[in-house]
file run-v5.csv (CSV, C-alpha atoms)
chain,number,residue,atom,x,y,z
B,1,MET,CA,53.4,45.4,-89.5
B,2,SER,CA,52.5,41.8,-88.7
B,3,VAL,CA,48.9,40.9,-88.3
B,4,ILE,CA,49.8,38.0,-86.0
B,5,ALA,CA,51.9,37.5,-82.9
B,6,GLY,CA,55.6,37.6,-83.6
B,7,LYS,CA,56.2,34.3,-81.8
B,8,ILE,CA,53.6,32.5,-83.9
B,9,GLU,CA,55.0,34.0,-87.1
B,10,LYS,CA,58.4,32.6,-86.1
B,11,PHE,CA,56.8,29.2,-85.3
B,12,LEU,CA,55.1,29.2,-88.7
B,13,SER,CA,58.3,29.7,-90.5
B,14,GLY,CA,59.7,26.4,-89.3
B,15,ALA,CA,56.7,24.7,-87.8
B,16,SER,CA,56.4,21.4,-89.6
B,17,TRP,CA,58.5,19.5,-92.0
B,18,ILE,CA,55.8,16.9,-92.2
B,19,ARG,CA,53.3,19.3,-93.6
B,20,LYS,CA,55.9,20.9,-95.9
B,21,MET,CA,56.7,17.5,-97.5
B,22,PHE,CA,53.1,16.5,-97.7
B,23,GLU,CA,52.3,19.7,-99.6
B,24,GLU,CA,55.3,18.9,-101.9
B,25,GLY,CA,53.7,15.5,-102.5
B,26,ASP,CA,50.5,17.2,-103.6
B,27,ARG,CA,52.5,19.2,-106.2
B,28,LEU,CA,54.2,16.0,-107.5
B,29,ARG,CA,50.9,14.1,-107.7
B,30,LYS,CA,49.5,16.7,-110.0
B,31,ILE,CA,52.5,16.4,-112.2
B,32,HIS,CA,53.1,12.6,-112.2
B,33,GLY,CA,49.9,11.1,-111.0
B,34,ALA,CA,49.2,9.6,-107.6
B,35,ASP,CA,50.4,6.1,-108.5
B,36,LYS,CA,53.9,7.5,-109.3
B,37,VAL,CA,54.4,9.4,-106.1
B,38,TYR,CA,55.5,7.5,-102.9
B,39,ASP,CA,54.5,9.5,-99.9
B,40,PHE,CA,55.9,8.4,-96.5
B,41,THR,CA,55.3,11.7,-94.7
B,42,LEU,CA,52.1,11.5,-92.7
B,43,GLY,CA,51.2,9.1,-89.8
B,44,ASN,CA,47.6,9.0,-91.0
B,45,PRO,CA,46.6,5.3,-91.1
B,46,VAL,CA,44.8,3.9,-94.1
B,47,ASN,CA,43.6,0.9,-91.9
B,48,GLU,CA,39.9,0.9,-91.1
B,49,PRO,CA,38.7,0.6,-87.5
B,50,PRO,CA,38.0,-2.9,-86.1
B,51,GLU,CA,34.7,-4.5,-87.1
B,52,LYS,CA,33.4,-4.2,-83.6
B,53,PHE,CA,33.6,-0.4,-83.9
B,54,HIS,CA,31.1,-0.5,-86.8
B,55,ARG,CA,28.8,-2.8,-84.9
B,56,GLU,CA,28.8,-0.6,-81.8
B,57,LEU,CA,28.3,2.5,-83.9
B,58,LYS,CA,25.3,0.9,-85.7
B,59,LYS,CA,23.9,-0.3,-82.4
B,60,LEU,CA,24.0,3.2,-81.0
B,61,ALA,CA,22.5,4.7,-84.1
B,62,ASP,CA,19.7,2.2,-84.1
B,63,SER,CA,19.0,2.5,-80.4
B,64,PRO,CA,20.0,6.0,-79.3
B,65,ILE,CA,20.3,6.6,-75.6
B,66,PRO,CA,18.2,9.5,-74.4
B,67,GLY,CA,20.3,12.6,-73.7
B,68,MET,CA,23.4,11.0,-75.4
B,69,HIS,CA,24.4,14.2,-77.1
B,70,ARG,CA,24.2,16.5,-74.0
B,71,TYR,CA,27.0,17.7,-71.8
B,72,MET,CA,28.4,15.3,-69.3
B,73,SER,CA,30.8,15.6,-66.4
B,74,ASN,CA,34.0,17.4,-67.6
B,75,ALA,CA,36.0,14.3,-66.7
B,76,GLY,CA,33.8,12.2,-69.1
B,77,TYR,CA,31.2,9.5,-68.8
B,78,PRO,CA,31.8,7.3,-65.7
B,79,GLU,CA,31.3,4.1,-67.6
B,80,THR,CA,33.9,5.0,-70.1
B,81,ARG,CA,36.4,6.1,-67.5
B,82,GLN,CA,35.7,2.8,-65.6
B,83,ALA,CA,36.4,0.8,-68.7
B,84,VAL,CA,39.7,2.5,-69.1
B,85,ALA,CA,40.5,2.2,-65.4
B,86,GLU,CA,39.9,-1.6,-65.6
B,87,ILE,CA,42.4,-2.0,-68.4
B,88,LEU,CA,45.0,0.0,-66.6
B,89,SER,CA,44.5,-1.9,-63.4
B,90,GLU,CA,44.9,-5.1,-65.2
B,91,SER,CA,48.1,-4.1,-67.0
B,92,SER,CA,49.7,-2.3,-64.0
B,93,GLY,CA,48.6,-4.4,-61.0
B,94,LEU,CA,47.5,-1.2,-59.3
B,95,ASN,CA,44.0,-0.1,-58.1
B,96,VAL,CA,43.3,2.4,-60.9
B,97,THR,CA,39.7,3.7,-60.6
B,98,LEU,CA,37.6,5.9,-62.7
B,99,LYS,CA,38.5,8.9,-60.6
B,100,HIS,CA,42.1,8.6,-62.0
B,101,VAL,CA,40.9,9.0,-65.6
B,102,VAL,CA,39.9,12.1,-67.5
B,103,MET,CA,38.6,11.7,-71.1
B,104,THR,CA,40.1,14.2,-73.5
B,105,VAL,CA,40.0,15.5,-77.0
B,106,GLY,CA,42.7,13.2,-78.3
B,107,ALA,CA,46.3,12.9,-77.0
B,108,GLY,CA,47.1,16.4,-78.2
B,109,GLY,CA,44.3,17.8,-76.0
B,110,GLY,CA,45.4,15.6,-73.2
B,111,LEU,CA,49.0,16.8,-73.3
B,112,ASN,CA,47.9,20.4,-73.2
B,113,VAL,CA,45.6,19.7,-70.3
B,114,VAL,CA,48.4,18.0,-68.3
B,115,LEU,CA,51.0,20.8,-69.1
B,116,LYS,CA,48.5,23.5,-68.2
B,117,SER,CA,47.8,21.7,-64.9
B,118,ILE,CA,51.4,21.4,-63.7
B,119,LEU,CA,53.5,24.2,-65.2
B,120,ASN,CA,54.4,27.5,-63.7
B,121,PRO,CA,56.0,30.2,-66.0
B,122,GLY,CA,59.6,29.2,-66.8
B,123,ASP,CA,59.2,25.6,-65.7
B,124,GLU,CA,61.2,23.2,-67.9
B,125,VAL,CA,60.0,20.0,-69.6
B,126,ILE,CA,62.5,17.6,-70.9
B,127,VAL,CA,61.8,16.1,-74.3
B,128,LEU,CA,63.9,13.2,-75.6
B,129,ALA,CA,65.3,13.7,-79.1
B,130,PRO,CA,64.1,12.6,-81.6
B,131,TYR,CA,60.6,13.7,-80.5
B,132,PHE,CA,57.2,14.6,-81.9
B,133,VAL,CA,57.7,18.2,-82.9
B,134,GLU,CA,54.4,19.5,-81.4
B,135,TYR,CA,55.7,18.8,-77.9
B,136,LYS,CA,57.7,22.1,-78.0
B,137,PHE,CA,54.7,24.1,-79.0
B,138,TYR,CA,52.4,22.5,-76.4
B,139,ILE,CA,55.0,23.3,-73.7
B,140,ASP,CA,55.2,26.9,-74.9
B,141,ASN,CA,51.4,27.1,-74.9
B,142,HIS,CA,51.6,27.0,-71.1
B,143,SER,CA,54.6,29.2,-70.5
B,144,GLY,CA,57.0,26.3,-70.1
B,145,VAL,CA,60.4,25.8,-71.6
B,146,ALA,CA,61.4,22.7,-73.6
B,147,ARG,CA,64.8,21.3,-72.8
B,148,GLU,CA,66.0,18.8,-75.3
B,149,VAL,CA,68.0,15.7,-74.3
B,150,SER,CA,69.4,13.3,-76.9
B,151,THR,CA,68.6,9.6,-76.6
B,152,ASP,CA,71.4,6.9,-76.9
B,153,GLU,CA,72.5,5.2,-80.1
B,154,ASN,CA,69.5,2.9,-79.9
B,155,PHE,CA,67.1,5.8,-79.3
B,156,LEU,CA,66.5,4.7,-75.7
B,157,PRO,CA,66.5,7.3,-72.9
B,158,ASP,CA,70.0,8.2,-71.7
B,159,ILE,CA,69.5,8.3,-68.0
B,160,GLU,CA,72.8,10.0,-67.3
B,161,ALA,CA,72.1,12.7,-69.8
B,162,ILE,CA,68.6,13.2,-68.4
B,163,SER,CA,70.0,13.4,-64.9
B,164,SER,CA,72.5,16.1,-66.0
B,165,ALA,CA,69.6,18.1,-67.5
B,166,VAL,CA,67.3,18.0,-64.5
B,167,ASN,CA,67.4,21.1,-62.3
B,168,GLN,CA,65.3,23.1,-59.9
B,169,LYS,CA,63.1,24.3,-62.8
B,170,THR,CA,62.4,20.8,-64.2
B,171,ARG,CA,58.7,19.9,-63.8
B,172,ALA,CA,58.2,17.0,-66.2
B,173,ILE,CA,59.8,14.6,-68.7
B,174,ILE,CA,57.8,13.5,-71.8
B,175,ILE,CA,58.4,10.0,-73.0
B,176,ASN,CA,56.9,8.3,-76.0
B,177,SER,CA,56.9,4.5,-76.3
B,178,PRO,CA,56.5,3.0,-78.9
B,179,ASN,CA,58.2,6.1,-80.2
B,180,ASN,CA,57.4,8.4,-83.0
B,181,PRO,CA,59.6,8.7,-85.1
B,182,THR,CA,61.8,5.7,-84.3
B,183,GLY,CA,59.4,2.8,-83.4
B,184,VAL,CA,61.6,2.0,-80.4
B,185,VAL,CA,59.9,0.5,-77.3
B,186,TYR,CA,61.3,1.5,-73.9
B,187,PRO,CA,61.9,-1.7,-71.8
B,188,PRO,CA,61.0,-2.1,-68.1
B,189,ALA,CA,64.6,-1.7,-66.9
B,190,VAL,CA,64.9,1.8,-68.5
B,191,LEU,CA,61.5,2.8,-67.0
B,192,SER,CA,62.7,1.6,-63.6
B,193,GLU,CA,65.9,3.7,-63.9
B,194,LEU,CA,63.9,6.7,-64.9
B,195,ASP,CA,61.6,6.2,-61.8
B,196,LYS,CA,64.6,6.1,-59.5
B,197,LEU,CA,66.0,9.3,-61.1
B,198,VAL,CA,62.7,11.1,-60.9
B,199,SER,CA,62.1,10.1,-57.3
B,200,GLU,CA,65.6,11.2,-56.2
B,201,LYS,CA,65.4,14.5,-58.0
B,202,SER,CA,61.8,15.2,-56.7
B,203,ARG,CA,63.1,14.8,-53.2
B,204,GLN,CA,66.2,16.9,-53.9
B,205,TYR,CA,64.2,19.8,-55.2
B,206,GLY,CA,61.2,19.5,-53.0
B,207,ARG,CA,58.5,19.2,-55.6
B,208,PRO,CA,57.3,16.4,-57.9
B,209,ILE,CA,58.8,15.8,-61.3
B,210,TYR,CA,56.2,14.0,-63.5
B,211,VAL,CA,56.9,11.5,-66.3
B,212,ILE,CA,54.3,12.2,-69.0
B,213,SER,CA,53.9,9.1,-71.1
B,214,ASP,CA,52.5,9.8,-74.5
B,215,GLU,CA,51.1,6.4,-75.7
B,216,PRO,CA,49.0,6.5,-78.8
B,217,TYR,CA,51.0,3.5,-80.3
B,218,ALA,CA,50.9,1.3,-77.1
B,219,LYS,CA,48.9,-1.4,-78.8
B,220,ILE,CA,50.9,-1.4,-82.0
B,221,ALA,CA,53.9,-3.6,-81.1
B,222,TYR,CA,55.5,-6.6,-82.9
B,223,ASP,CA,58.4,-8.2,-81.1
B,224,VAL,CA,57.8,-7.1,-77.5
B,225,GLN,CA,55.0,-6.3,-75.2
B,226,VAL,CA,54.8,-2.6,-74.3
B,227,PRO,CA,55.2,-2.3,-70.5
B,228,CYS,CA,52.6,-0.3,-68.6
B,229,VAL,CA,54.4,2.7,-67.3
B,230,PHE,CA,52.3,2.8,-64.1
B,231,LYS,CA,54.0,-0.5,-63.1
B,232,TYR,CA,57.4,1.1,-63.1
B,233,ILE,CA,57.1,4.8,-62.5
B,234,ASN,CA,55.1,6.2,-59.6
B,235,ASN,CA,55.0,9.8,-60.8
B,236,ALA,CA,53.6,8.8,-64.2
B,237,VAL,CA,50.7,10.3,-66.1
B,238,ILE,CA,49.6,8.5,-69.2
B,239,VAL,CA,48.2,10.5,-72.1
B,240,THR,CA,46.9,8.6,-75.1
B,241,SER,CA,44.3,8.5,-77.9
B,242,HIS,CA,42.5,5.9,-80.0
B,243,SER,CA,43.8,7.5,-83.2
B,244,LYS,CA,46.2,4.7,-84.0
B,245,ASP,CA,45.1,1.6,-82.1
B,246,LEU,CA,41.5,1.9,-83.3
B,247,ALA,CA,42.3,3.9,-86.5
B,248,LEU,CA,40.1,6.9,-85.4
B,249,PRO,CA,42.4,9.9,-85.8
B,250,GLY,CA,39.7,12.2,-87.0
B,251,GLU,CA,37.4,11.5,-84.0
B,252,ARG,CA,39.8,13.1,-81.5
B,253,ILE,CA,39.1,10.7,-78.6
B,254,GLY,CA,41.7,10.0,-75.9
B,255,TYR,CA,42.3,10.2,-72.2
B,256,VAL,CA,44.6,11.2,-69.4
B,257,ALA,CA,45.2,8.8,-66.5
B,258,ALA,CA,47.2,9.5,-63.3
B,259,ASN,CA,49.1,6.9,-61.4
B,260,PRO,CA,47.1,6.4,-58.1
B,261,ASN,CA,50.5,6.4,-56.3
B,262,ILE,CA,51.1,10.1,-57.1
B,263,ASP,CA,51.1,12.1,-53.9
B,264,ASN,CA,47.9,14.2,-53.6
B,265,VAL,CA,46.6,12.6,-56.8
B,266,ASP,CA,43.1,13.9,-56.1
B,267,LEU,CA,44.3,17.5,-56.4
B,268,LEU,CA,46.1,16.7,-59.7
B,269,ILE,CA,42.9,15.1,-61.1
B,270,GLU,CA,40.9,18.2,-60.0
B,271,ALA,CA,43.4,20.4,-61.9
B,272,LEU,CA,43.1,18.2,-65.0
B,273,VAL,CA,39.3,18.4,-65.0
B,274,PHE,CA,39.4,22.2,-64.5
B,275,CYS,CA,42.0,22.7,-67.3
B,276,ASN,CA,40.1,20.3,-69.6
B,277,ARG,CA,37.1,22.7,-69.3
B,278,THR,CA,38.9,26.1,-69.3
B,279,LEU,CA,41.2,25.3,-72.2
B,280,GLY,CA,38.0,25.0,-74.3
B,281,PHE,CA,38.0,21.3,-74.8
B,282,VAL,CA,35.1,21.1,-72.2
B,283,ASN,CA,34.3,17.4,-73.0
B,284,ALA,CA,35.8,14.6,-75.1
B,285,PRO,CA,33.3,13.9,-77.9
B,286,ALA,CA,30.2,12.3,-76.4
B,287,LEU,CA,29.5,9.7,-79.2
B,288,MET,CA,33.1,8.5,-79.2
B,289,GLN,CA,33.1,8.1,-75.5
B,290,ARG,CA,30.1,5.9,-75.7
B,291,LEU,CA,31.8,3.8,-78.4
B,292,VAL,CA,35.3,3.3,-77.0
B,293,ALA,CA,34.0,2.2,-73.6
B,294,ASN,CA,33.4,-1.2,-75.2
B,295,LEU,CA,36.5,-1.2,-77.4
B,296,GLN,CA,39.3,-1.1,-74.8
B,297,LYS,CA,40.5,-4.6,-75.7
B,298,GLU,CA,40.2,-4.1,-79.5
B,299,SER,CA,42.8,-2.9,-82.0
B,300,VAL,CA,43.5,-2.7,-85.7
B,301,ASN,CA,45.2,-5.6,-87.4
B,302,ILE,CA,48.7,-5.5,-86.0
B,303,GLU,CA,49.9,-8.1,-88.5
B,304,GLU,CA,49.2,-5.8,-91.4
B,305,TYR,CA,51.6,-3.2,-89.9
B,306,ARG,CA,54.2,-5.9,-89.2
B,307,ALA,CA,54.1,-7.0,-92.9
B,308,LYS,CA,54.6,-3.4,-94.1
B,309,ARG,CA,57.4,-2.9,-91.6
B,310,ASP,CA,59.2,-6.0,-92.7
B,311,LEU,CA,58.7,-5.3,-96.4
B,312,LEU,CA,60.2,-1.8,-96.1
B,313,TYR,CA,62.9,-2.6,-93.5
B,314,ASN,CA,64.2,-5.7,-95.3
B,315,ASN,CA,64.4,-4.0,-98.7
B,316,LEU,CA,65.9,-0.8,-97.5
B,317,THR,CA,68.6,-2.5,-95.4
B,318,GLN,CA,69.4,-4.7,-98.3
B,319,LEU,CA,70.0,-1.6,-100.4
B,320,GLY,CA,72.4,-0.2,-97.7
B,321,PHE,CA,70.2,2.0,-95.6
B,322,GLU,CA,71.1,1.8,-91.9
B,323,MET,CA,68.5,1.9,-89.2
B,324,VAL,CA,67.3,0.5,-85.8
B,325,LYS,CA,64.6,-2.0,-86.4
B,326,PRO,CA,61.4,-0.7,-84.9
B,327,GLN,CA,59.5,-2.8,-82.4
B,328,GLY,CA,56.3,-0.8,-82.5
B,329,ALA,CA,54.4,2.1,-84.0
B,330,PHE,CA,54.5,2.5,-87.8
B,331,TYR,CA,57.7,4.4,-88.6
B,332,LEU,CA,61.2,3.8,-89.7
B,333,PHE,CA,64.0,6.3,-88.8
B,334,PRO,CA,67.0,5.5,-91.0
B,335,LYS,CA,70.3,7.3,-91.0
B,336,SER,CA,70.6,9.8,-93.8
B,337,PRO,CA,73.2,8.7,-96.4
B,338,LEU,CA,74.0,12.4,-96.6
B,339,ASP,CA,75.2,14.4,-93.7
B,340,ASP,CA,72.5,17.0,-94.5
B,341,ASP,CA,69.2,15.2,-94.0
B,342,VAL,CA,67.3,18.1,-95.6
B,343,GLU,CA,69.4,17.7,-98.7
B,344,PHE,CA,68.8,14.0,-98.7
B,345,ALA,CA,65.0,14.6,-98.5
B,346,ARG,CA,65.4,16.9,-101.6
B,347,LEU,CA,67.3,14.2,-103.4
B,348,ALA,CA,64.6,11.7,-102.6
B,349,LEU,CA,62.1,14.0,-104.2
B,350,LYS,CA,63.8,13.6,-107.5
B,351,HIS,CA,62.7,9.9,-107.3
B,352,ASN,CA,59.2,11.0,-106.2
B,353,ILE,CA,59.9,9.6,-102.7
B,354,LEU,CA,58.6,11.9,-99.9
B,355,VAL,CA,60.3,11.5,-96.5
B,356,VAL,CA,60.6,13.8,-93.5
B,357,PRO,CA,64.1,15.0,-92.5
B,358,GLY,CA,65.2,14.2,-89.0
B,359,ALA,CA,65.6,17.9,-88.4
B,360,GLY,CA,61.8,18.0,-88.0
B,361,PHE,CA,62.1,15.7,-85.0
B,362,GLY,CA,65.1,17.4,-83.3
B,363,LYS,CA,67.5,14.8,-84.7
B,364,ARG,CA,69.6,15.8,-87.7
B,365,GLY,CA,71.2,13.1,-89.8
B,366,TYR,CA,68.2,10.9,-90.0
B,367,PHE,CA,64.8,10.8,-91.9
B,368,ARG,CA,61.4,9.4,-91.0
B,369,LEU,CA,59.2,7.1,-93.1
B,370,ALA,CA,55.6,6.4,-92.1
B,371,TYR,CA,54.5,3.0,-93.4
B,372,CYS,CA,50.8,3.2,-92.3
B,373,ILE,CA,50.1,3.7,-96.0
B,374,ASP,CA,48.7,1.2,-98.6
B,375,LYS,CA,51.1,-1.8,-99.0
B,376,LYS,CA,50.9,-1.3,-102.7
B,377,VAL,CA,52.5,2.1,-102.4
B,378,ILE,CA,55.4,0.5,-100.6
B,379,GLU,CA,55.8,-2.2,-103.2
B,380,ASN,CA,55.6,0.3,-106.1
B,381,SER,CA,58.2,2.5,-104.4
B,382,LEU,CA,60.9,-0.2,-104.3
B,383,PRO,CA,62.4,0.5,-107.8
B,384,ALA,CA,62.6,4.2,-106.8
B,385,TRP,CA,64.4,3.3,-103.6
B,386,LYS,CA,66.8,1.2,-105.6
B,387,ALA,CA,67.5,4.0,-108.0
B,388,LEU,CA,68.0,6.4,-105.1
B,389,ALA,CA,70.4,4.0,-103.4
B,390,SER,CA,72.3,3.6,-106.7
B,391,GLU,CA,72.6,7.3,-107.1
B,392,LEU,CA,74.0,7.5,-103.6
B,393,LYS,CA,76.3,4.6,-104.3
B,394,LEU,CA,75.1,2.6,-101.3
B,395,LYS,CA,76.1,-1.0,-101.0
B,396,LYS,CA,73.8,-3.5,-102.7
call {"tool": "encode", "arguments": {"input": "run-v5.csv", "output": "structure tokens"}}
result
Amino acid sequence: MSVIAGKIEKFLSGASWIRKMFEEGDRLRKIHGADKVYDFTLGNPVNEPPEKFHRELKKLADSPIPGMHRYMSNAGYPETRQAVAEILSESSGLNVTLKHVVMTVGAGGGLNVVLKSILNPGDEVIVLAPYFVEYKFYIDNHSGVAREVSTDENFLPDIEAISSAVNQKTRAIIINSPNNPTGVVYPPAVLSELDKLVSEKSRQYGRPIYVISDEPYAKIAYDVQVPCVFKYINNAVIVTSHSKDLALPGERIGYVAANPNIDNVDLLIEALVFCNRTLGFVNAPALMQRLVANLQKESVNIEEYRAKRDLLYNNLTQLGFEMVKPQGAFYLFPKSPLDDDVEFARLALKHNILVVPGAGFGKRGYFRLAYCIDKKVIENSLPAWKALASELKLKK
């Protein structure tokens, strides 16, 4: 007799390749030593927050605001929401106000709040493969059904495939740009095509279909500027966190913002605030809200990530690994040299290289590398990559 829900037991059995490989890394580190194991599994940045974060933190500690640790409005502090709204207004050209912003417990909390607010039992949410694996669990949390649609050969949304997947049950499409796991940035033309599709299908089925834009990597881009989704998609809801751009993953601070052009946007915001409370998140962390209000134009050192990307990308492609060059985030998503990406991940373990199979992101035949690690680890791993490429008889 199981002591937990059958569905959860099933989820646990195949829940996360990322965690499985990370645990395997722990085992290898105990055997070989940490400096001999090359772990590319977790998107847990080693970068420290910007210097201004530390200054703001010290200022708040030295001069605390009376009542700063009490409950606040469930939507968050007005001054923080206003700071976010000003940035979104600037990037979108729209009149985004603080009433369109709800502070959340990270992007994970924000996604759950949005899905709880819009889904009826059995509603479908389209996820674009490859995708962040937790999307499917978040959708299931709120009685929705995830419908997978593959991206094109460059990992961009395939508008025709999405159109074929949309039906009367479709309630939302989740996009993620810059993308985890591919690092691809969706250009304005693709976003505009998606807006046209969503508008047509919303009219056809008589209810709004939302585009939920998951954007924790929006400030981490190298060769392009990440377009503001509000500028191109009317029915867009942005969900993001400061885990990556300010290197604050442990602080769980993010927000949801609704495009002011959404029909009946005030009711949607009311639902978001209600679900923020009743899901148990209640408020985004008070201290972090105070801090990020003055950090909306700050980010970690992007050039450090660019250097790591180029180091890994250039060396692996020279060894014969094939991949789309990422324009943002801090991941590579190469093709697996073996048809079975899980088998490739096991082979890489023989060389103390830890990668995540593409199967963990709904895209078999690939593998993910997170390069938000210490640059020295990447440099030290290069002989191991060379040995692995030689064993696979890749071109040199």
call {"tool": "atom_distance", "arguments": {"input": "run-v5.csv", "atom1": "CA of Gly110 in chain B", "atom2": "CA of Leu246 in chain B"}}
result
17.5 Å
call {"tool": "residues_around", "arguments": {"input": "run-v5.csv", "residues": "Thr278 in chain B", "least_positions_apart": "5", "cutoff": "12 Å", "atoms": "all atoms listed in the file", "output": "ChimeraX atom specification"}}
result
/B:74,109,112-113,116-117,271-273,283
call {"tool": "residues_around", "arguments": {"input": "run-v5.csv", "residues": "Asp374 in chain B", "least_positions_apart": "5", "cutoff": "12 Å", "atoms": "all atoms listed in the file", "output": "PyMOL selection string"}}
result
chain B and resi 35+38-40+44-48+304-305+307-309+379-381
call {"tool": "write_last_selection", "arguments": {"input": "run-v5.csv", "atoms": "C-alpha atoms", "output": "PDB file, keeping the file's coordinate frame"}}
result
ATOM      1  CA  ASP B  35      50.400   6.100-108.500  1.00  0.00           C
ATOM      2  CA  TYR B  38      55.500   7.500-102.900  1.00  0.00           C
ATOM      3  CA  ASP B  39      54.500   9.500 -99.900  1.00  0.00           C
ATOM      4  CA  PHE B  40      55.900   8.400 -96.500  1.00  0.00           C
ATOM      5  CA  ASN B  44      47.600   9.000 -91.000  1.00  0.00           C
ATOM      6  CA  PRO B  45      46.600   5.300 -91.100  1.00  0.00           C
ATOM      7  CA  VAL B  46      44.800   3.900 -94.100  1.00  0.00           C
ATOM      8  CA  ASN B  47      43.600   0.900 -91.900  1.00  0.00           C
ATOM      9  CA  GLU B  48      39.900   0.900 -91.100  1.00  0.00           C
ATOM     10  CA  GLU B 304      49.200  -5.800 -91.400  1.00  0.00           C
ATOM     11  CA  TYR B 305      51.600  -3.200 -89.900  1.00  0.00           C
ATOM     12  CA  ALA B 307      54.100  -7.000 -92.900  1.00  0.00           C
ATOM     13  CA  LYS B 308      54.600  -3.400 -94.100  1.00  0.00           C
ATOM     14  CA  ARG B 309      57.400  -2.900 -91.600  1.00  0.00           C
ATOM     15  CA  GLU B 379      55.800  -2.200-103.200  1.00  0.00           C
ATOM     16  CA  ASN B 380      55.600   0.300-106.100  1.00  0.00           C
ATOM     17  CA  SER B 381      58.200   2.500-104.400  1.00  0.00           C
TER      18      SER B 381
END
call {"tool": "closest_residue", "arguments": {"input": "run-v5.csv", "among": "B:Leu111, B:Leu312, B:Leu388, B:Val105", "to": "Pro285 in chain B", "atoms": "all atoms listed in the file"}}
result
B:Val105
call {"tool": "atom_distance", "arguments": {"input": "run-v5.csv", "atom1": "CA of His351 in chain B", "atom2": "CA of Ser336 in chain B"}}
result
15.6 Å
call {"tool": "atom_distance", "arguments": {"input": "run-v5.csv", "atom1": "CA of Lys335 in chain B", "atom2": "CA of Val166 in chain B"}}
result
28.7 Å
call {"tool": "residues_around", "arguments": {"input": "run-v5.csv", "residues": "Leu197 in chain B", "least_positions_apart": "4", "cutoff": "12 Å", "atoms": "only C-alpha atoms", "output": "ChimeraX atom specification"}}
result
/B:157-167,173,190-193,201-204,208-211,233-235
call {"tool": "residues_near_point", "arguments": {"input": "run-v5.csv", "point": "(60.0, 27.4, -70.5)", "cutoff": "9 Å", "atoms": "all atoms listed in the file", "output": "ChimeraX atom specification"}}
result
/B:119-125,139-140,142-147,169
call {"tool": "closest_atom_pairs", "arguments": {"input": "run-v5.csv", "of": "range 161-267 of chain B", "to": "range 79-93 of chain B", "cutoff": "8 Å", "atoms": "all atoms listed in the file", "output": "JSON lines"}}
result
{"residue": "B:Cys228", "atom": "CA", "partner": "B:Ser92", "partner_atom": "CA", "distance": 5.8}
{"residue": "B:Val229", "atom": "CA", "partner": "B:Ser92", "partner_atom": "CA", "distance": 7.6}
{"residue": "B:Phe230", "atom": "CA", "partner": "B:Ser92", "partner_atom": "CA", "distance": 5.7}
{"residue": "B:Lys231", "atom": "CA", "partner": "B:Ser92", "partner_atom": "CA", "distance": 4.7}
call {"tool": "closest_residue", "arguments": {"input": "run-v5.csv", "among": "B:Val226, B:Leu316, B:Ile4, B:Leu347", "to": "Phe333 in chain B", "atoms": "all atoms listed in the file"}}
result
B:Leu316
call {"tool": "closest_residue", "arguments": {"input": "run-v5.csv", "among": "B:Leu248, B:Leu42, B:Ala107, B:Val114", "to": "Leu279 in chain B", "atoms": "only C-alpha atoms"}}
result
B:Val114
call {"tool": "closest_residue", "arguments": {"input": "run-v5.csv", "among": "B:Phe137, B:Tyr131, B:Tyr77, B:Tyr205", "to": "Lys7 in chain B", "atoms": "all atoms listed in the file"}}
result
B:Phe137
call {"tool": "closest_residue", "arguments": {"input": "run-v5.csv", "among": "B:Ile378, B:Val292, B:Ala257, B:Leu128", "to": "Asp310 in chain B", "atoms": "all atoms listed in the file"}}
result
B:Ile378
